[in-house]
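Printed here is input-v3.cif (mmCIF, C-alpha atoms and all ligand atoms):
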data_work
#
loop_
_atom_site.label_atom_id
_atom_site.label_comp_id
_atom_site.auth_asym_id
_atom_site.auth_seq_id
_atom_site.Cartn_x
_atom_site.Cartn_y
_atom_site.Cartn_z
CA MET G 1 8.73 6.67 75.56
CA HIS G 2 5.20 7.96 75.08
CA GLN G 3 4.37 11.52 75.99
CA PRO G 4 1.91 11.59 77.74
CA PRO G 5 2.91 8.16 79.14
CA ILE G 6 0.58 5.16 78.75
CA PRO G 7 1.32 2.97 81.81
CA GLU G 8 -2.32 1.97 82.31
CA ILE G 9 -2.64 0.60 78.79
CA GLU G 10 0.71 -1.15 79.22
CA SER G 11 -0.53 -2.97 82.29
CA ALA G 12 -4.22 -3.47 81.36
CA ASP G 13 -3.78 -4.33 77.69
CA PRO G 14 -0.14 -4.98 76.77
CA GLU G 15 -1.09 -6.29 73.34
CA ILE G 16 -2.60 -2.94 72.33
CA ALA G 17 0.14 -0.98 74.17
CA ASP G 18 2.79 -2.81 72.15
CA LEU G 19 1.01 -2.03 68.89
CA ILE G 20 0.66 1.65 69.85
CA THR G 21 4.39 1.72 70.58
CA ASP G 22 5.16 -0.01 67.28
CA GLU G 23 3.13 2.64 65.45
CA ALA G 24 4.82 5.47 67.37
CA ARG G 25 8.25 4.08 66.48
CA ARG G 26 7.15 3.71 62.85
CA GLN G 27 6.07 7.38 62.80
CA PHE G 28 9.42 8.34 64.33
CA GLU G 29 11.53 6.33 61.89
CA LYS G 30 9.80 7.11 58.60
CA ILE G 31 9.85 10.16 56.39
CA ARG G 32 6.11 10.64 56.40
CA LEU G 33 5.17 12.25 53.12
CA ILE G 34 1.43 11.52 52.96
CA PRO G 35 0.13 15.06 52.38
CA SER G 36 -3.01 14.62 54.48
CA GLU G 37 -1.13 13.53 57.62
CA ASN G 38 0.77 15.36 60.34
CA TYR G 39 2.06 15.12 63.91
CA VAL G 40 -0.19 16.83 66.48
CA SER G 41 1.23 18.70 69.46
CA LEU G 42 1.33 17.25 72.96
CA ALA G 43 -1.41 19.67 73.99
CA VAL G 44 -3.69 18.36 71.22
CA LEU G 45 -2.83 14.76 72.16
CA GLU G 46 -3.64 15.44 75.81
CA ALA G 47 -6.96 17.13 75.02
CA ALA G 48 -8.01 14.20 72.84
CA GLY G 49 -7.32 11.75 75.65
CA THR G 50 -9.44 13.30 78.39
CA VAL G 51 -12.63 12.40 80.30
CA LEU G 52 -14.59 14.56 77.88
CA THR G 53 -15.08 11.31 75.98
CA ASN G 54 -17.49 10.26 78.77
CA LYS G 55 -20.13 12.88 77.97
CA TYR G 56 -23.14 12.97 75.62
CA SER G 57 -24.03 16.44 74.31
CA GLU G 58 -26.55 16.13 71.48
CA GLY G 59 -27.57 19.62 70.41
CA TYR G 60 -25.57 22.85 70.51
CA PRO G 61 -24.28 25.09 73.33
CA GLY G 62 -27.30 26.27 75.37
CA ARG G 63 -29.66 23.91 73.49
CA ARG G 64 -28.80 20.33 74.53
CA TYR G 65 -30.83 17.17 75.02
CA TYR G 66 -28.77 16.03 78.03
CA GLU G 67 -28.03 17.77 81.34
CA GLY G 68 -24.55 18.41 82.69
CA GLN G 69 -23.26 20.63 79.88
CA GLN G 70 -21.86 23.42 82.09
CA PHE G 71 -18.31 22.90 80.83
CA ILE G 72 -18.85 21.18 77.50
CA ASP G 73 -20.89 24.19 76.34
CA GLN G 74 -17.98 26.47 77.15
CA ILE G 75 -15.48 24.24 75.35
CA GLU G 76 -17.59 24.00 72.20
CA THR G 77 -18.27 27.75 72.21
CA ILE G 78 -14.55 28.48 72.52
CA ALA G 79 -13.81 26.11 69.61
CA MET G 80 -16.47 27.81 67.47
CA ASP G 81 -15.24 31.30 68.36
CA ARG G 82 -11.63 30.38 67.59
CA ALA G 83 -12.60 28.92 64.20
CA LYS G 84 -14.61 32.05 63.36
CA ALA G 85 -11.74 34.35 64.31
CA LEU G 86 -9.04 32.29 62.58
CA PHE G 87 -10.87 31.90 59.27
CA GLY G 88 -12.81 35.18 59.31
CA VAL G 89 -16.27 33.61 59.02
CA ASP G 90 -19.66 34.30 60.65
CA HIS G 91 -20.41 30.77 61.79
CA ALA G 92 -18.58 27.55 62.62
CA ASN G 93 -19.94 24.11 63.40
CA VAL G 94 -17.19 21.99 64.99
CA GLN G 95 -19.20 18.77 65.39
CA PRO G 96 -18.75 16.83 62.10
CA TYR G 97 -17.00 13.55 62.84
CA SER G 98 -14.75 13.92 59.81
CA GLY G 99 -14.56 15.41 56.32
CA SER G 100 -16.97 13.05 54.56
CA PRO G 101 -19.79 13.59 57.12
CA ALA G 102 -19.14 17.35 56.91
CA ASN G 103 -19.63 17.28 53.15
CA LEU G 104 -22.71 15.03 53.47
CA ALA G 105 -24.21 17.59 55.86
CA VAL G 106 -23.74 20.28 53.20
CA TYR G 107 -25.72 18.24 50.69
CA LEU G 108 -28.39 17.55 53.30
CA ALA G 109 -28.70 21.28 53.93
CA PHE G 110 -28.93 22.41 50.31
CA ALA G 111 -29.97 19.57 47.99
CA GLN G 112 -32.64 16.90 47.59
CA PRO G 113 -31.94 13.37 46.32
CA GLY G 114 -31.72 13.48 42.53
CA ASP G 115 -30.66 17.12 42.37
CA THR G 116 -27.68 18.08 40.27
CA ILE G 117 -24.47 18.72 42.17
CA MET G 118 -20.99 19.47 40.84
CA GLY G 119 -17.44 18.84 41.97
CA MET G 120 -13.98 17.88 40.80
CA SER G 121 -13.73 14.26 39.72
CA LEU G 122 -11.72 12.01 42.02
CA PRO G 123 -9.05 10.94 39.48
CA MET G 124 -8.53 14.60 38.57
CA GLY G 125 -7.82 15.55 42.18
CA GLY G 126 -11.27 15.87 43.78
CA HIS G 127 -12.72 13.85 46.66
CA LEU G 128 -15.11 10.89 46.81
CA THR G 129 -17.76 13.13 48.40
CA HIS G 130 -17.66 15.63 45.54
CA GLY G 131 -19.95 13.33 43.53
CA TRP G 132 -17.78 10.34 42.57
CA PRO G 133 -20.04 7.41 41.47
CA VAL G 134 -19.11 4.92 44.23
CA SER G 135 -19.83 7.51 46.95
CA ALA G 136 -23.33 8.13 48.33
CA THR G 137 -22.93 11.60 46.83
CA GLY G 138 -22.63 10.10 43.35
CA LYS G 139 -25.47 7.63 43.94
CA TRP G 140 -28.04 9.94 45.54
CA PHE G 141 -27.43 13.03 43.41
CA ARG G 142 -26.97 13.68 39.72
CA ALA G 143 -23.28 14.52 39.87
CA VAL G 144 -21.50 16.40 37.12
CA GLN G 145 -17.74 16.56 37.34
CA TYR G 146 -14.98 18.86 36.15
CA GLY G 147 -11.25 18.19 35.88
CA VAL G 148 -7.96 19.67 34.84
CA ARG G 149 -6.58 20.60 31.43
CA ARG G 150 -4.47 17.90 29.80
CA ASP G 151 -1.81 20.44 28.76
CA THR G 152 -1.43 22.29 32.08
CA GLY G 153 -2.65 19.84 34.74
CA ARG G 154 -4.56 22.78 36.25
CA VAL G 155 -8.29 23.18 36.87
CA ASP G 156 -9.99 24.15 33.66
CA LEU G 157 -12.09 27.13 34.74
CA ASP G 158 -13.63 27.45 31.26
CA GLU G 159 -14.87 23.87 31.58
CA VAL G 160 -16.14 24.59 35.10
CA ARG G 161 -18.10 27.60 33.87
CA ASP G 162 -19.54 25.84 30.78
CA LEU G 163 -20.59 22.84 32.87
CA ALA G 164 -22.12 24.98 35.61
CA LEU G 165 -24.13 27.11 33.19
CA ARG G 166 -25.30 24.08 31.24
CA GLU G 167 -26.17 21.84 34.21
CA ARG G 168 -27.24 24.45 36.80
CA PRO G 169 -26.12 22.46 39.88
CA LYS G 170 -27.52 23.32 43.31
CA VAL G 171 -24.07 23.08 44.85
CA ILE G 172 -20.56 23.45 43.41
CA PHE G 173 -17.59 22.07 45.34
CA CYS G 174 -14.09 23.42 44.82
CA GLY G 175 -11.02 21.93 46.47
CA GLY G 176 -9.93 18.31 46.66
CA THR G 177 -7.29 15.82 47.68
CA ALA G 178 -4.63 15.99 44.97
CA ILE G 179 -4.49 19.61 43.83
CA PRO G 180 -0.91 20.93 43.79
CA ARG G 181 -1.90 24.44 42.72
CA THR G 182 -3.55 27.48 44.32
CA ILE G 183 -7.34 27.31 44.21
CA ASP G 184 -8.86 30.36 42.56
CA PHE G 185 -11.75 31.00 44.98
CA PRO G 186 -12.85 34.32 43.39
CA ALA G 187 -13.16 32.65 39.97
CA PHE G 188 -15.23 29.77 41.41
CA ALA G 189 -17.39 32.31 43.27
CA SER G 190 -18.18 34.23 40.12
CA ILE G 191 -19.06 31.00 38.25
CA ALA G 192 -21.31 29.86 41.12
CA ALA G 193 -23.05 33.26 41.18
CA GLU G 194 -23.65 33.13 37.43
CA ALA G 195 -25.05 29.58 37.69
CA GLY G 196 -27.17 30.28 40.79
CA ALA G 197 -25.31 27.60 42.79
CA ILE G 198 -23.99 27.58 46.35
CA LEU G 199 -20.20 27.46 46.32
CA VAL G 200 -18.62 25.13 48.87
CA ALA G 201 -14.86 25.37 49.40
CA ASP G 202 -13.53 22.06 50.71
CA ILE G 203 -10.26 23.26 52.22
CA ALA G 204 -9.42 20.03 54.08
CA HIS G 205 -5.92 19.84 52.61
CA ILE G 206 -5.00 23.50 52.83
CA ALA G 207 -6.79 24.73 55.98
CA GLY G 208 -3.51 25.13 57.85
CA LEU G 209 -1.95 26.98 54.94
CA ILE G 210 -4.93 29.34 54.85
CA ALA G 211 -4.83 29.85 58.63
CA GLY G 212 -1.11 30.56 58.38
CA GLY G 213 -1.44 32.97 55.46
CA ALA G 214 0.31 30.68 52.94
CA HIS G 215 -2.74 30.17 50.66
CA PRO G 216 -5.53 32.65 49.80
CA SER G 217 -8.67 32.29 51.90
CA PRO G 218 -12.11 31.34 50.55
CA ALA G 219 -13.76 33.57 53.20
CA GLY G 220 -15.76 36.24 51.44
CA HIS G 221 -15.92 34.11 48.26
CA ALA G 222 -17.45 30.77 49.31
CA PRO G 223 -20.48 31.06 51.61
CA VAL G 224 -19.82 27.52 52.85
CA ILE G 225 -16.41 26.11 53.79
CA THR G 226 -15.73 22.55 54.93
CA THR G 227 -12.51 21.21 56.32
CA THR G 228 -11.01 18.37 58.24
CA THR G 229 -8.95 19.44 61.24
CA HIS G 230 -6.07 16.93 61.09
CA LYS G 231 -4.15 17.71 57.91
CA THR G 232 -2.17 20.95 57.52
CA LEU G 233 -4.27 22.42 60.35
CA ARG G 234 -2.50 19.93 62.67
CA GLY G 235 -5.41 19.16 64.98
CA PRO G 236 -7.17 15.91 65.99
CA ARG G 237 -9.12 13.82 63.50
CA GLY G 238 -12.32 15.80 63.06
CA ALA G 239 -13.96 18.40 60.85
CA MET G 240 -15.71 21.75 60.74
CA ILE G 241 -18.26 23.49 58.55
CA MET G 242 -17.97 27.26 58.38
CA SER G 243 -20.41 29.61 56.70
CA THR G 244 -21.99 32.99 56.36
CA ALA G 245 -24.70 33.79 58.93
CA GLU G 246 -27.36 33.15 56.26
CA HIS G 247 -26.58 29.41 56.07
CA ALA G 248 -25.76 28.78 59.74
CA SER G 249 -29.01 27.22 60.92
CA ALA G 250 -29.51 25.03 57.81
CA LEU G 251 -26.01 23.61 58.26
CA ASP G 252 -26.40 23.13 62.02
CA ARG G 253 -29.70 21.28 61.50
CA ALA G 254 -28.07 19.10 58.85
CA VAL G 255 -25.21 18.06 61.16
CA PHE G 256 -27.54 17.46 64.11
CA PRO G 257 -30.16 16.03 64.07
CA GLY G 258 -29.90 15.47 60.31
CA LEU G 259 -26.85 13.29 60.16
CA GLN G 260 -25.10 12.78 63.47
CA GLY G 261 -25.77 12.08 67.13
CA GLY G 262 -23.65 13.35 70.00
CA PRO G 263 -20.50 15.31 69.22
CA HIS G 264 -17.14 13.87 70.27
CA ASN G 265 -16.37 16.31 73.05
CA HIS G 266 -12.75 15.21 73.53
CA THR G 267 -12.21 15.94 69.85
CA THR G 268 -13.93 19.32 70.18
CA ALA G 269 -11.51 20.26 72.97
CA ALA G 270 -8.55 19.11 70.89
CA ILE G 271 -9.84 21.13 67.92
CA ALA G 272 -10.05 24.19 70.19
CA VAL G 273 -6.44 23.66 71.30
CA ALA G 274 -5.26 23.20 67.70
CA LEU G 275 -7.10 26.36 66.59
CA ARG G 276 -5.38 28.32 69.35
CA GLU G 277 -2.02 26.98 68.17
CA ALA G 278 -2.86 27.87 64.58
CA ALA G 279 -3.53 31.48 65.61
CA GLN G 280 0.01 31.94 66.99
CA PRO G 281 2.73 33.69 64.96
CA GLU G 282 4.83 30.46 64.91
CA PHE G 283 2.08 28.75 62.94
CA ARG G 284 2.52 31.30 60.15
CA ASP G 285 6.18 30.28 60.02
CA TYR G 286 5.11 26.64 59.92
CA ALA G 287 2.68 27.22 57.02
CA ARG G 288 5.28 29.18 55.06
CA GLN G 289 7.86 26.45 55.67
CA VAL G 290 5.45 23.71 54.51
CA VAL G 291 5.12 25.50 51.17
CA ALA G 292 8.85 26.30 50.94
CA ASN G 293 9.61 22.63 51.56
CA GLY G 294 7.00 21.60 48.97
CA LYS G 295 8.58 23.81 46.34
CA ALA G 296 12.11 22.64 47.23
CA LEU G 297 11.10 18.96 47.09
CA ALA G 298 9.29 19.50 43.77
CA GLY G 299 12.37 21.25 42.36
CA ALA G 300 14.65 18.42 43.49
CA LEU G 301 12.36 15.79 41.92
CA LEU G 302 12.13 17.75 38.67
CA ALA G 303 15.93 17.94 38.61
CA ARG G 304 15.97 14.14 38.79
CA GLY G 305 13.67 13.87 35.77
CA TYR G 306 10.35 13.21 37.48
CA ASP G 307 7.10 14.30 35.81
CA LEU G 308 5.03 16.35 38.24
CA VAL G 309 1.37 16.98 37.48
CA SER G 310 1.07 20.70 36.62
CA GLY G 311 4.89 20.91 36.58
CA GLY G 312 5.34 21.63 40.28
CA THR G 313 3.47 22.86 43.33
CA ASP G 314 2.17 26.03 44.97
CA ASN G 315 1.36 24.29 48.25
CA HIS G 316 2.13 21.26 50.42
CA LEU G 317 1.36 18.60 47.81
CA ILE G 318 3.17 17.05 44.85
CA LEU G 319 1.60 14.58 42.44
CA VAL G 320 4.23 12.51 40.62
CA ASP G 321 3.38 10.72 37.36
CA LEU G 322 5.74 7.72 37.22
CA THR G 323 4.77 6.61 33.70
CA SER G 324 8.08 7.74 32.19
CA LYS G 325 10.01 5.90 34.94
CA GLY G 326 8.49 2.57 33.94
CA ILE G 327 6.98 1.68 37.30
CA GLY G 328 3.42 1.88 38.62
CA GLY G 329 2.46 4.00 41.60
CA LYS G 330 1.62 0.99 43.78
CA PRO G 331 4.91 -0.93 43.51
CA ALA G 332 6.76 2.38 43.87
CA ALA G 333 4.83 3.33 47.03
CA LYS G 334 5.39 -0.12 48.53
CA ALA G 335 9.14 0.00 47.79
CA LEU G 336 9.37 3.52 49.22
CA ASP G 337 7.62 2.34 52.37
CA ARG G 338 10.18 -0.44 52.74
CA ALA G 339 12.85 2.25 52.26
CA GLY G 340 11.44 4.28 55.15
CA ILE G 341 9.61 6.83 53.00
CA GLU G 342 5.82 6.82 53.38
CA VAL G 343 3.72 8.03 50.44
CA ASN G 344 0.46 6.89 48.88
CA TYR G 345 -0.15 5.64 45.38
CA ASN G 346 -2.57 7.87 43.53
CA THR G 347 -4.26 8.29 40.19
CA VAL G 348 -2.96 11.08 38.00
CA PRO G 349 -5.24 13.08 35.68
CA PHE G 350 -6.15 11.08 32.54
CA ASP G 351 -4.66 7.97 34.14
CA THR G 352 -4.80 4.94 31.87
CA ARG G 353 -4.25 2.55 34.79
CA LYS G 354 -6.79 1.42 37.39
CA PRO G 355 -7.34 3.32 40.70
CA PHE G 356 -6.02 0.34 42.70
CA ASP G 357 -2.88 0.24 40.54
CA PRO G 358 -2.49 3.81 39.26
CA SER G 359 0.38 5.70 37.60
CA GLY G 360 1.28 8.11 40.35
CA ILE G 361 2.34 8.74 43.89
CA ARG G 362 1.15 11.66 46.05
CA ILE G 363 3.62 13.24 48.42
CA GLY G 364 3.53 16.22 50.74
CA THR G 365 5.43 18.18 53.35
CA PRO G 366 3.12 18.93 56.36
CA ALA G 367 4.44 16.16 58.65
CA ILE G 368 8.15 16.48 57.86
CA THR G 369 7.89 20.25 58.37
CA THR G 370 6.49 19.63 61.85
CA ARG G 371 9.55 17.42 62.51
CA GLY G 372 11.71 20.48 61.72
CA LEU G 373 12.93 19.62 58.21
CA ARG G 374 13.74 22.56 55.97
CA GLU G 375 14.55 23.29 52.32
CA GLU G 376 18.10 21.94 52.61
CA HIS G 377 16.75 18.51 53.56
CA MET G 378 14.57 18.17 50.45
CA ALA G 379 17.35 17.31 47.96
CA PRO G 380 18.51 14.33 50.07
CA ILE G 381 14.90 13.14 50.37
CA ALA G 382 14.45 13.41 46.59
CA ALA G 383 17.68 11.43 46.17
CA TRP G 384 16.41 8.66 48.49
CA ILE G 385 13.08 8.58 46.63
CA ASP G 386 14.92 8.29 43.31
CA GLU G 387 17.30 5.60 44.58
CA ALA G 388 14.46 3.58 46.12
CA ILE G 389 12.43 3.71 42.91
CA ALA G 390 15.47 2.69 40.86
CA ALA G 391 16.09 -0.15 43.33
CA ALA G 392 12.44 -1.24 43.07
CA ILE G 393 12.72 -1.42 39.28
CA LYS G 394 15.90 -3.53 39.61
CA GLU G 395 14.38 -5.54 42.48
CA ASP G 396 17.43 -4.60 44.56
CA GLU G 397 16.10 -5.25 48.06
CA PRO G 398 19.47 -4.73 49.84
CA ALA G 399 19.64 -1.20 48.38
CA ILE G 400 16.14 -0.50 49.72
CA GLU G 401 17.21 -1.73 53.17
CA ARG G 402 20.30 0.51 53.06
CA ILE G 403 18.12 3.54 52.33
CA ALA G 404 15.79 2.65 55.24
CA ALA G 405 18.81 2.54 57.58
CA ASP G 406 20.07 5.92 56.29
CA VAL G 407 16.58 7.42 56.74
CA ARG G 408 16.33 6.11 60.32
CA GLU G 409 19.72 7.60 61.17
CA PHE G 410 18.84 10.94 59.56
CA LEU G 411 15.46 11.27 61.34
CA ALA G 412 16.87 10.48 64.78
CA ALA G 413 17.96 14.14 65.03
CA PHE G 414 14.40 15.44 64.52
CA PRO G 415 12.12 14.89 67.54
CA MET G 416 8.43 14.10 67.11
CA PRO G 417 5.76 15.18 69.59
CA GLY G 418 4.22 12.23 71.43
CA TRP G 419 7.04 9.71 71.43
CA SER G 420 10.79 9.41 71.64
CA PRO G 421 13.05 6.35 71.44
CA GLN G 422 14.54 7.14 74.87
CA PRO G 423 12.99 4.93 77.60
N1 LIG C 1 -8.15 10.72 52.88
C1 LIG C 1 -7.90 12.12 52.61
C2 LIG C 1 -6.62 12.35 51.90
O1 LIG C 1 -5.70 11.55 52.09
O2 LIG C 1 -6.49 13.29 51.16
C3 LIG C 1 -9.04 12.74 51.91
O3 LIG C 1 -10.20 12.44 52.55
#
As structure tokens, what does this structure read like?
Amino acid sequence: MHQPPIPEIESADPEIADLITDEARRQFEKIRLIPSENYVSLAVLEAAGTVLTNKYSEGYPGRRYYEGQQFIDQIETIAMDRAKALFGVDHANVQPYSGSPANLAVYLAFAQPGDTIMGMSLPMGGHLTHGWPVSATGKWFRAVQYGVRRDTGRVDLDEVRDLALRERPKVIFCGGTAIPRTIDFPAFASIAAEAGAILVADIAHIAGLIAGGAHPSPAGHAPVITTTTHKTLRGPRGAMIMSTAEHASALDRAVFPGLQGGPHNHTTAAIAVALREAAQPEFRDYARQVVANGKALAGALLARGYDLVSGGTDNHLILVDLTSKGIGGKPAAKALDRAGIEVNYNTVPFDTRKPFDPSGIRIGTPAITTRGLREEHMAPIAAWIDEAIAAAIKEDEPAIERIAADVREFLAAFPMPGWSPQP
């Protein structure tokens, strides 16, 4: 059953209620290894489903364009204060609708169309909004892109420095979506200072690890920090921009009125709840366990002969290059999904295949760690991954179905917040 229950949807719109239940069951029965996903707590779920969704609040606490903000102002101020305390920053804007609008607001604050900006290229592990050509950020700015070294799979800081000094970008982004290694914020900060650029740390993937002390913090190194709130941070779908006091008003103006209208107040409340959870001692245990599980899963995959970009992981994320296994990332991801193991296909650095049919899969441990899985469960998961990929290559569909049944049975012992199979 759903927790909180959804009887009104069940009676008013059974078609949607059934689909919500199908999705909840799917989340319960699958080993969810997409590194940008998680399971939020019941408190976060409840906050996101409240009457706060009824209210318009354009502006900021104490400076709104609509009346009736007596309580919304308090909620948003609490969310901002919790973000500031948790990440050790001067300022936090909790209104961006998600990560891409947060990054767009940064460009709006610091760059003009046509200016040079710099970020990690998407196939190397960056994000669309770090200047990739199909993104508005690659179309409206002159984007220069760095990557990783072919021999190490790690960010090439010499290349970053040479590029930054040659191209003099207004803004340099560090961080991304497929980086299995620790981000060297001090090194990026010194390059940005030398080049006269503003350093932006996009910590969307690792925000929860930073909050929990399992990854170094960019605070004190990057004057601007963007993050989503729903990945390792385990909050609702949303985003934040944090900064030094110097950049606070430029960033606030860029979010509203520059880019967005009214904030999603139900999301703001859920962000506040998630930030409170992330400040508890148990969250430090969670963050440490995410990384311990990541390392254990990487070790088990290496033992089975898988090529991991950079040879392993320091965090929650593993990028597997399947070239030597003789299968593309897309058929592998689809077979794994049928086997009850959810991953996404992903380009690997220097990929010779196309982005819609790349060589790799991207896997991660935030969601399974929330379910309570620990290091000892990673070898069996690696074994199921290996068996499912071997079955996909042999087109052995019964073997894939057997794995899915084993996975379902295994996961039944690990409750998920929000839904249980008991009526
Ligand atoms: N879609 C996110 C991810 O999966 O990493 C990035 O925006």
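Taking all atoms listed in the file into account, the protein and nucleic acid residues that come at most 10 Å from ligand LIG 1 (chain C) are Ile34, Pro35, Ser36, Glu37, Ser98, Gly99, Ser100, Gly125, Gly126, His127, Leu128, Thr129, Gly176, Thr177, Ala178, Ile179, Ala204, His205, Thr227, Thr228, His230, Lys231, Asn344, Asn346 and Arg362 of chain G.
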Around all the atoms of range 263-274 of chain G listed in the file, with 3 Å of room on each side, what axis-aligned box do you get, giving centre and edge lengths in Å to one decimal, as lines of an AutoDock Vina configuration file?
center_x = -12.9
center_y = 19.0
center_z = 70.6
size_x = 21.2
size_y = 16.3
size_z = 11.8
**Study point:** Non-local contacts of range 364-374 of chain G (8 Å; all atoms listed in the file; under 5 positions in same chain excluded) as a PyMOL selection string
**Key:** chain G and resi 31-39+231-232+286+289-294+316-318+414-416
Generate a file of the selected residues that holds C-alpha atoms, formatted as a PDB file, in the coordinates of the input.
ATOM      1  CA  ILE G  31       9.850  10.160  56.390  1.00  0.00           C
ATOM      2  CA  ARG G  32       6.110  10.640  56.400  1.00  0.00           C
ATOM      3  CA  LEU G  33       5.170  12.250  53.120  1.00  0.00           C
ATOM      4  CA  ILE G  34       1.430  11.520  52.960  1.00  0.00           C
ATOM      5  CA  PRO G  35       0.130  15.060  52.380  1.00  0.00           C
ATOM      6  CA  SER G  36      -3.010  14.620  54.480  1.00  0.00           C
ATOM      7  CA  GLU G  37      -1.130  13.530  57.620  1.00  0.00           C
ATOM      8  CA  ASN G  38       0.770  15.360  60.340  1.00  0.00           C
ATOM      9  CA  TYR G  39       2.060  15.120  63.910  1.00  0.00           C
ATOM     10  CA  LYS G 231      -4.150  17.710  57.910  1.00  0.00           C
ATOM     11  CA  THR G 232      -2.170  20.950  57.520  1.00  0.00           C
ATOM     12  CA  TYR G 286       5.110  26.640  59.920  1.00  0.00           C
ATOM     13  CA  GLN G 289       7.860  26.450  55.670  1.00  0.00           C
ATOM     14  CA  VAL G 290       5.450  23.710  54.510  1.00  0.00           C
ATOM     15  CA  VAL G 291       5.120  25.500  51.170  1.00  0.00           C
ATOM     16  CA  ALA G 292       8.850  26.300  50.940  1.00  0.00           C
ATOM     17  CA  ASN G 293       9.610  22.630  51.560  1.00  0.00           C
ATOM     18  CA  GLY G 294       7.000  21.600  48.970  1.00  0.00           C
ATOM     19  CA  HIS G 316       2.130  21.260  50.420  1.00  0.00           C
ATOM     20  CA  LEU G 317       1.360  18.600  47.810  1.00  0.00           C
ATOM     21  CA  ILE G 318       3.170  17.050  44.850  1.00  0.00           C
ATOM     22  CA  PHE G 414      14.400  15.440  64.520  1.00  0.00           C
ATOM     23  CA  PRO G 415      12.120  14.890  67.540  1.00  0.00           C
ATOM     24  CA  MET G 416       8.430  14.100  67.110  1.00  0.00           C
TER      25      MET G 416
END
Check your understanding: Any idea what's packed within 6 Å of range 298-305 of chain G, counting all atoms listed in the file, ignoring anything in its chain fewer than 2 positions away? Could you give it as a PyMOL selection string?
Key -> chain G and resi 295-296+312+379+382
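In this comparison, which uses only C-alpha atoms, the residue of G:Val273, G:Val407, G:Met124, G:Ala339 approaching Ile78 in chain G most closely is G:Val273.
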Check your understanding: Which is closest to His266 in chain G among G:Thr137, G:Ser11, G:Pro236, G:Glu67, if we use all atoms listed in the file?
Key -> G:Pro236
Practice item. Rank nothing, just name the residue among G:Leu86, G:Cys174, G:Ile361, G:Ala278 nearest to Ser121 in chain G, using all atoms listed in the file. Key: G:Cys174
Point to revise | Option closest in space to Gly311 in chain G, from G:Pro180, G:Gly49, G:Pro281, G:Gly208 [counting all atoms listed in the file] | key: G:Pro180
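Straight-line separation from CA of Pro223 in chain G to CA of Ala105 in chain G: 14.6 Å.
Here CA of Ile241 in chain G and CA of Pro257 in chain G stand 15.1 Å from one another.
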Review point. Quick one: residues within 12 Å of Asp406 in chain G, all atoms listed in the file counted, chain neighbours fewer than 2 positions away excluded, as a PyMOL selection string?
Key: chain G and resi 29-31+339-341+380-381+383-384+388+399-404+408-412
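Distance check against Ala222 in chain G using all atoms listed in the file: of G:Phe87, G:Tyr345, G:Trp132, G:Phe141, the minimum falls on G:Phe87.
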Sel. within 12 Å of pt (5.4, 3.2, 74.0), counting all atoms listed in the file, output as an mmCIF file with C-alpha atoms, keeping the file's coordinate frame:
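Full text of selection28.cif as output:
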data_model
loop_
_atom_site.group_PDB
_atom_site.id
_atom_site.type_symbol
_atom_site.label_atom_id
_atom_site.label_comp_id
_atom_site.auth_asym_id
_atom_site.auth_seq_id
_atom_site.Cartn_x
_atom_site.Cartn_y
_atom_site.Cartn_z
ATOM 1 C CA MET G 1 8.730 6.670 75.560
ATOM 2 C CA HIS G 2 5.200 7.960 75.080
ATOM 3 C CA GLN G 3 4.370 11.520 75.990
ATOM 4 C CA PRO G 4 1.910 11.590 77.740
ATOM 5 C CA PRO G 5 2.910 8.160 79.140
ATOM 6 C CA ILE G 6 0.580 5.160 78.750
ATOM 7 C CA PRO G 7 1.320 2.970 81.810
ATOM 8 C CA GLU G 8 -2.320 1.970 82.310
ATOM 9 C CA ILE G 9 -2.640 0.600 78.790
ATOM 10 C CA GLU G 10 0.710 -1.150 79.220
ATOM 11 C CA SER G 11 -0.530 -2.970 82.290
ATOM 12 C CA PRO G 14 -0.140 -4.980 76.770
ATOM 13 C CA GLU G 15 -1.090 -6.290 73.340
ATOM 14 C CA ILE G 16 -2.600 -2.940 72.330
ATOM 15 C CA ALA G 17 0.140 -0.980 74.170
ATOM 16 C CA ASP G 18 2.790 -2.810 72.150
ATOM 17 C CA LEU G 19 1.010 -2.030 68.890
ATOM 18 C CA ILE G 20 0.660 1.650 69.850
ATOM 19 C CA THR G 21 4.390 1.720 70.580
ATOM 20 C CA ASP G 22 5.160 -0.010 67.280
ATOM 21 C CA GLU G 23 3.130 2.640 65.450
ATOM 22 C CA ALA G 24 4.820 5.470 67.370
ATOM 23 C CA ARG G 25 8.250 4.080 66.480
ATOM 24 C CA ARG G 26 7.150 3.710 62.850
ATOM 25 C CA GLN G 27 6.070 7.380 62.800
ATOM 26 C CA PHE G 28 9.420 8.340 64.330
ATOM 27 C CA GLY G 418 4.220 12.230 71.430
ATOM 28 C CA TRP G 419 7.040 9.710 71.430
ATOM 29 C CA SER G 420 10.790 9.410 71.640
ATOM 30 C CA PRO G 421 13.050 6.350 71.440
ATOM 31 C CA GLN G 422 14.540 7.140 74.870
ATOM 32 C CA PRO G 423 12.990 4.930 77.600
#
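For the pair CA of Gly62 in chain G and CA of Val224 in chain G, the separation is 23.8 Å.
Shortest atom-to-atom contact with Asp81 in chain G among G:His377, G:Asn93, G:Ser217, G:Lys334: G:Asn93, counting only C-alpha atoms.
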Tell me which protein, DNA and RNA residues are within 12 Å of Glu246 in chain G, counting only C-alpha atoms, leaving out same-chain ones fewer than 5 positions away, and put them as a compact mmCIF listing (two decimals) with C-alpha atoms, in the frame of the given file.
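Ended up saving to part.txt:
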# COMPACT_ATOMS: atom_id res chain seq x y z
CA VAL G 89 -16.27 33.61 59.02
CA ASP G 90 -19.66 34.30 60.65
CA HIS G 91 -20.41 30.77 61.79
CA ILE G 198 -23.99 27.58 46.35
CA PRO G 223 -20.48 31.06 51.61
CA VAL G 224 -19.82 27.52 52.85
CA LEU G 251 -26.01 23.61 58.26
CA ASP G 252 -26.40 23.13 62.02
